[in-house]
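Data first, discussion second: the structure below is written as structure tokens.
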Amino acid sequence: MTDWSSTVELAGCNPNWKDNISSLLDDIEWSREIRPIVEKIRNGQRLDLTDGILLYNHTDLFEIGLLATCSKKSRFGDYVFFNSNVHINQTNVCVLSCKFCAFSRTKRSKDAYSLTIENYLDELEKYSKVVDEVHSVGGLHPDWDVDYYCELFAAVKSKFPHISIKALTAVEIKHLSKVSNVSIEEVFSKLINAGLDSLPGGGAEILNDKIRDIICYGKETSSEYIEIHRAAHKSGIPSNCTMLFGTIETTEDRLEHMFQIRSLADETSMVQCFVPYPFLPDSTRLPEAQLATSNEILRTIAISRLILDNVPHIKAYRMNIGDNLAELALNFGADDVDGTVGRESIMHLAGATSSLDYDKYQLGKLISDAGYIPIIRDTKYENFSHYAIKPPKRVRRLKMAS
Ligand code: SF4
């Protein structure tokens with residue numbers, strides 16, 4: 001269990017970050033092309049589509065990283081956040097068949113699975129002493145309604161009251177509303193009463209309906225995604241928002257996606273974290289995908305930091321981008337690394353190779369190796385403590401031969 005020796009100065013974003021940023025920007029000799037954007041940021045002006053395109057086309061990737069790092073450091077100094085969580089994907093049975101998805105199965109598939117509440121609790125029990133968050137997303141099961149999930153969440157809270165439940169993507173909420181014949185607001189009301197603490201960001205893909213019709217036909221529309229997150233916020237729970245890039249979208253589409261999230265965050269102030277991650281192609285049905293290079297991944301993380309000036313946290317989603325790139329992303333605007341993870345299927349079936357058994361020591365070391373101070377946090381970024389890196393006992397020093 002985490003010892004929350006919470007300190008006020010660690011409690012999230014520095015409210016005076018816009019004042020801080022000038023002195024950080026002053027220390028750097030910026031290229032002529034980037035100077036108008038630097039000035040906008042210094043003056044607290046928002047970046048627009050033209051700025052975003054310039055940043056995507058700018059040849060010096062490291063200069064973009066430096067700019068995003070100034071923005072991050074103005075908020076959090078040298079702190080980088082992580083949490084101790086486990087991902088449990090409750091079922092791979094899904095009524096949809098998104099082209100980028102390697103995870104979903106029909107009910108009749110040989111490798112279809114649906115965890116019973118008992119199975120789920122057994123899985124969670126294996127990690128319950130070392131995590132304080134369970135992240136649960138899965139397929140759209142045709143037989144599971146909102147009452148099923150209420151039973152599940154209530155059982156989790158009853159057995160593991162210290163574990164925060166971050167669960168169900170926007171499309172799963174929409175599916176529960178349809179299957180249970182109740183409004184989105186009522187779905188949230190029931191789930192929150194049962195124990196739901198926050199909403200993960202998955203399912204946003206790219207918020208452009210023409211692209212969604214090709215890569216994930218049948219999923220919620222762009223406006224429904226925003227509407228469901230707005231409803232979560234109105235019901236009192238925060239959410240994360242994601243962006244899946246490297247399928248068939250243009251850079252303009254990525255930027256328009258960020259602007260939609262920025263508008264939502266302006267309205268509710270309850271988007272706590274943005275999670276941009278690239279499409280992974282294994283076992284998917286999207287041969288026309290462009291895929292994203294490492295340059296594009298780091299650049300997109302940096303641009304997210306610069307465009308989304310009202311979303312405090314930008315995540316390096318190590319499970320998807322891998323541990324090495326996640327470490328680099330901390331010098332491209334990301335201030336948060338997810339997480340110890342424990343188990344996960346959706347990304348790994350699509351080709352992710354990141355380690356599933358990272359412990360706090362390894363995550364803390366990843367952050368420290370990138371030049372930052374690891375801060376362990378809870379799901380809602382409300383409690384923080386410094387993480388002192390101590391090698392676990394199993395790491396023994398080798399004796400030098402005499
Ligand atoms: S991405 Fe989600 S909704 Fe789409 S097929 Fe996969 S599990 Fe189903």
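Residues are referred to by chain and number: the chain letter is A, B, ... according to the order shown in the structure tokens, the number counts from 1 in that chain, and ligands are numbered separately from 1 in the order shown.
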
Would you list the contacts of segment 310-312 of chain A as a list in words, taking every protein, DNA or RNA residue within 9 Å and counting only C-alpha atoms, but skipping same-chain residues closer than 3 positions in sequence? Gly12, Cys13, Lys72, Arg75, Ile261, Arg262, Ala265, Asp266, Ser269, Met270, Val271, Gln272, Cys273, Phe274, Arg305, Ile307 and Asp335 of chain A

Quick one: residues within 7 Å of segment 194-202 of chain A, only C-alpha atoms counted, chain neighbours fewer than 3 positions away excluded, as a list of chain:residue names? A:Cys150, A:Phe153, A:Ala154, A:Lys157, A:Ser164, A:Ile165, A:Lys166, A:Ala167, A:Leu168, A:Thr169, A:Lys190, A:Leu191, A:Ile237, A:Pro238, A:Ser239, A:Asn240, A:Cys241, A:Thr242

When distances are computed from only C-alpha atoms and all ligand atoms, which of A:Leu207, A:Ala102, A:Met243, A:Ile303 shows the smallest separation from ligand 1?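 The shortest atom-to-atom distance to ligand 1 comes from A:Ala102.
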
Which chains and residue numbers are within 6 Å of ligand 1, counting only C-alpha atoms and all ligand atoms, if I want them as a ChimeraX atom specification? /A:94,96-98,101,103-104,138-140

What does the structure give for the distance between atom CA of Val187 of chain A and atom CA of Met258 of chain A, in Å to one decimal? 26.7 Å

Segment 47-113 of chain A residues near segment 14-31 of chain A within 9 Å, closest pair each, using only C-alpha atoms, as JSON lines:
```
{"residue": "A:Glu63", "atom": "CA", "partner": "A:Trp30", "partner_atom": "CA", "distance": 7.7}
{"residue": "A:Leu66", "atom": "CA", "partner": "A:Ile28", "partner_atom": "CA", "distance": 8.8}
{"residue": "A:Leu67", "atom": "CA", "partner": "A:Leu25", "partner_atom": "CA", "distance": 7.7}
{"residue": "A:Cys70", "atom": "CA", "partner": "A:Leu24", "partner_atom": "CA", "distance": 5.9}
{"residue": "A:Ser71", "atom": "CA", "partner": "A:Ile21", "partner_atom": "CA", "distance": 6.4}
{"residue": "A:Lys72", "atom": "CA", "partner": "A:Trp17", "partner_atom": "CA", "distance": 8.9}
{"residue": "A:Lys73", "atom": "CA", "partner": "A:Ile21", "partner_atom": "CA", "distance": 8.0}
{"residue": "A:Ser74", "atom": "CA", "partner": "A:Trp17", "partner_atom": "CA", "distance": 4.8}
{"residue": "A:Arg75", "atom": "CA", "partner": "A:Asn14", "partner_atom": "CA", "distance": 4.8}
{"residue": "A:Phe76", "atom": "CA", "partner": "A:Asn14", "partner_atom": "CA", "distance": 6.4}
{"residue": "A:Gly77", "atom": "CA", "partner": "A:Asn14", "partner_atom": "CA", "distance": 8.7}
```

Could you dump the residues just selected with N, CA, C and O atoms as a compact mmCIF listing (two decimals), in the first residue's frame?
```txt
# COMPACT_ATOMS: atom_id res chain seq x y z
N GLU A 63 14.08 20.66 -31.33
CA GLU A 63 13.63 22.00 -30.93
C GLU A 63 12.15 21.95 -30.48
O GLU A 63 11.76 22.61 -29.52
N LEU A 66 12.19 20.56 -27.07
CA LEU A 66 12.64 21.56 -26.10
C LEU A 66 11.51 22.51 -25.72
O LEU A 66 11.32 22.86 -24.55
N LEU A 67 10.74 22.90 -26.72
CA LEU A 67 9.61 23.81 -26.48
C LEU A 67 8.56 23.13 -25.58
O LEU A 67 8.05 23.73 -24.62
N CYS A 70 9.84 22.97 -22.04
CA CYS A 70 9.67 24.24 -21.32
C CYS A 70 8.24 24.32 -20.78
O CYS A 70 8.02 24.72 -19.63
N SER A 71 7.29 23.96 -21.61
CA SER A 71 5.89 24.02 -21.20
C SER A 71 5.63 23.07 -20.03
O SER A 71 4.97 23.43 -19.05
N LYS A 72 6.18 21.86 -20.14
CA LYS A 72 6.00 20.89 -19.04
C LYS A 72 6.68 21.39 -17.77
O LYS A 72 6.09 21.36 -16.69
N LYS A 73 7.93 21.84 -17.89
CA LYS A 73 8.68 22.24 -16.69
C LYS A 73 8.06 23.47 -16.02
O LYS A 73 8.18 23.64 -14.82
N SER A 74 7.42 24.33 -16.82
CA SER A 74 6.78 25.49 -16.21
C SER A 74 5.64 25.06 -15.29
O SER A 74 5.30 25.75 -14.34
N ARG A 75 5.06 23.89 -15.57
CA ARG A 75 3.97 23.38 -14.72
C ARG A 75 4.49 22.53 -13.57
O ARG A 75 4.04 22.66 -12.44
N PHE A 76 5.39 21.62 -13.87
CA PHE A 76 5.74 20.57 -12.90
C PHE A 76 7.21 20.54 -12.50
O PHE A 76 7.62 19.60 -11.81
N GLY A 77 8.00 21.50 -12.97
CA GLY A 77 9.44 21.44 -12.67
C GLY A 77 10.01 20.14 -13.17
O GLY A 77 9.76 19.72 -14.30
```

Need the shell around segment 220-232 of chain A: protein/DNA/RNA residues with any atom at most 8 Å away, counting only C-alpha atoms. Skip same-chain ones fewer than 5 positions apart. Format as a PyMOL selection string? chain A and resi 170-171+173-174+184-185+188+199+203-204+206-209+212+237-239+260-261+264+268

Do a neighbour search on Gly371 of chain A at 12 Å with only C-alpha atoms, toss out local chain neighbours closer than 4 positions, and write the hits as an MDAnalysis selection string. chainID A and resid 69 77:80 327:331 335 364:367

From the options A:Arg299, A:Arg377, A:Arg285, A:Lys219, which residue's atoms come nearest to Thr251 of chain A, counting only C-alpha atoms?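 Selected residue with least distance to Thr251 of chain A: A:Arg299.
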
Just asking: which residues within segment 177-278 of chain A are strand (DSSP E) according to DSSP, as number ranges by chain? A: 196-198, 239-245, 271-278

Please dump the current selection as an mmCIF file, in the first residue's frame; keep N, CA, C and O atoms.
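Resulting contents of again_25.cif:
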```
data_model
loop_
_atom_site.group_PDB
_atom_site.id
_atom_site.type_symbol
_atom_site.label_atom_id
_atom_site.label_comp_id
_atom_site.auth_asym_id
_atom_site.auth_seq_id
_atom_site.Cartn_x
_atom_site.Cartn_y
_atom_site.Cartn_z
ATOM 1 N N LEU A 196 -17.637 3.256 -9.628
ATOM 2 C CA LEU A 196 -16.778 3.796 -10.704
ATOM 3 C C LEU A 196 -16.171 5.131 -10.251
ATOM 4 O O LEU A 196 -16.888 6.011 -9.774
ATOM 5 N N ASP A 197 -14.847 5.264 -10.426
ATOM 6 C CA ASP A 197 -14.162 6.485 -9.964
ATOM 7 C C ASP A 197 -13.778 7.428 -11.092
ATOM 8 O O ASP A 197 -13.725 8.637 -10.898
ATOM 9 N N SER A 198 -13.441 6.883 -12.254
ATOM 10 C CA SER A 198 -13.057 7.766 -13.369
ATOM 11 C C SER A 198 -13.171 6.996 -14.674
ATOM 12 O O SER A 198 -13.289 5.768 -14.697
ATOM 13 N N SER A 239 -12.062 12.418 -16.498
ATOM 14 C CA SER A 239 -11.709 11.420 -17.516
ATOM 15 C C SER A 239 -10.361 11.767 -18.139
ATOM 16 O O SER A 239 -9.869 12.878 -18.001
ATOM 17 N N ASN A 240 -9.807 10.780 -18.809
ATOM 18 C CA ASN A 240 -8.678 10.991 -19.707
ATOM 19 C C ASN A 240 -9.226 10.992 -21.128
ATOM 20 O O ASN A 240 -10.325 10.467 -21.372
ATOM 21 N N CYS A 241 -8.480 11.553 -22.065
ATOM 22 C CA CYS A 241 -8.864 11.452 -23.477
ATOM 23 C C CYS A 241 -7.657 10.958 -24.266
ATOM 24 O O CYS A 241 -6.519 11.314 -23.941
ATOM 25 N N THR A 242 -7.923 10.136 -25.269
ATOM 26 C CA THR A 242 -6.830 9.546 -26.045
ATOM 27 C C THR A 242 -6.860 10.051 -27.482
ATOM 28 O O THR A 242 -7.818 10.729 -27.905
ATOM 29 N N MET A 243 -5.837 9.692 -28.239
ATOM 30 C CA MET A 243 -5.864 9.862 -29.700
ATOM 31 C C MET A 243 -5.044 8.714 -30.295
ATOM 32 O O MET A 243 -3.884 8.521 -29.932
ATOM 33 N N LEU A 244 -5.666 7.970 -31.190
ATOM 34 C CA LEU A 244 -4.969 6.912 -31.922
ATOM 35 C C LEU A 244 -4.533 7.508 -33.255
ATOM 36 O O LEU A 244 -5.379 7.940 -34.036
ATOM 37 N N PHE A 245 -3.232 7.540 -33.511
ATOM 38 C CA PHE A 245 -2.773 8.130 -34.767
ATOM 39 C C PHE A 245 -1.924 7.128 -35.551
ATOM 40 O O PHE A 245 -1.509 6.100 -35.013
ATOM 41 N N VAL A 271 -10.802 17.196 -17.914
ATOM 42 C CA VAL A 271 -9.963 16.255 -18.674
ATOM 43 C C VAL A 271 -8.619 16.275 -17.958
ATOM 44 O O VAL A 271 -7.898 17.261 -18.005
ATOM 45 N N GLN A 272 -8.301 15.174 -17.270
ATOM 46 C CA GLN A 272 -7.099 15.252 -16.438
ATOM 47 C C GLN A 272 -5.832 14.876 -17.199
ATOM 48 O O GLN A 272 -4.737 15.304 -16.827
ATOM 49 N N CYS A 273 -5.972 14.129 -18.274
ATOM 50 C CA CYS A 273 -4.771 13.647 -18.952
ATOM 51 C C CYS A 273 -5.090 13.362 -20.421
ATOM 52 O O CYS A 273 -6.183 12.870 -20.727
ATOM 53 N N PHE A 274 -4.148 13.675 -21.314
ATOM 54 C CA PHE A 274 -4.297 13.333 -22.727
ATOM 55 C C PHE A 274 -3.270 12.254 -23.057
ATOM 56 O O PHE A 274 -2.114 12.348 -22.643
ATOM 57 N N VAL A 275 -3.728 11.249 -23.806
ATOM 58 C CA VAL A 275 -2.885 10.074 -24.067
ATOM 59 C C VAL A 275 -2.808 9.835 -25.577
ATOM 60 O O VAL A 275 -3.672 9.155 -26.150
ATOM 61 N N PRO A 276 -1.796 10.384 -26.265
ATOM 62 C CA PRO A 276 -1.678 10.119 -27.694
ATOM 63 C C PRO A 276 -0.864 8.846 -27.917
ATOM 64 O O PRO A 276 0.200 8.683 -27.323
ATOM 65 N N TYR A 277 -1.376 7.928 -28.721
ATOM 66 C CA TYR A 277 -0.590 6.704 -28.980
ATOM 67 C C TYR A 277 -0.785 6.227 -30.413
ATOM 68 O O TYR A 277 -1.834 6.428 -31.020
ATOM 69 N N PRO A 278 0.251 5.586 -30.964
ATOM 70 C CA PRO A 278 0.196 5.192 -32.373
ATOM 71 C C PRO A 278 -0.510 3.852 -32.585
ATOM 72 O O PRO A 278 -0.535 3.001 -31.695
#
```

One-decimal distance in Å that lies between atom CA of Ile215 of chain A and atom CA of Glu172 of chain A: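 Distance reported for this atom pair: 17.3 Å.
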
Report as a VMD selection string: the residues of segment 110-228 of chain A with a DSSP assignment of helix (DSSP H, G or I), based on the backbone of this structure. chain A and resid 117 to 127 146 to 159 170 to 180 184 to 194 209 to 215 222 to 228

From the options A:Gly246, A:Pro36, A:Pro142, A:Gly236, which residue's atoms come nearest to Asn295 of chain A, counting only C-alpha atoms?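 Closest to Asn295 of chain A of all the choices is A:Gly246.
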
List the spatial neighbours of Asp338 of chain A as a PyMOL selection string - criterion: any atom at most 8 Å away, only C-alpha atoms, same-chain residues fewer than 4 positions off excluded. chain A and resi 82-83+315-319

So that I can see what lies close to Ile163 of chain A, please list as a PyMOL selection string the residues with an atom at most 8 Å from it, counting only C-alpha atoms and leaving out residues fewer than 2 positions away in the same chain. chain A and resi 128+131-134+156-157+160-161+165

Test item: residues at most 12 Å from Glu296 of chain A, only C-alpha atoms, excluding those fewer than 5 positions along its chain, as a list of chain:residue names: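 Answer for this query is A:Leu55, A:Tyr56, A:Asn57, A:His58, A:Thr59, A:Leu61, A:Phe62, A:Ile64, A:Gly65, A:Phe245, A:Gly246, A:Thr251, A:Arg254, A:Pro276, A:Tyr277, A:Pro278, A:Phe279, A:Gln290, A:Leu291, A:Ile301, A:Ala302, A:Ile303, A:Ser304, A:Ile321, A:Leu325, A:Ala329, A:Phe332.
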
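Atom CA of Thr284 of chain A is positioned 5.1 Å from atom CA of Phe100 of chain A.
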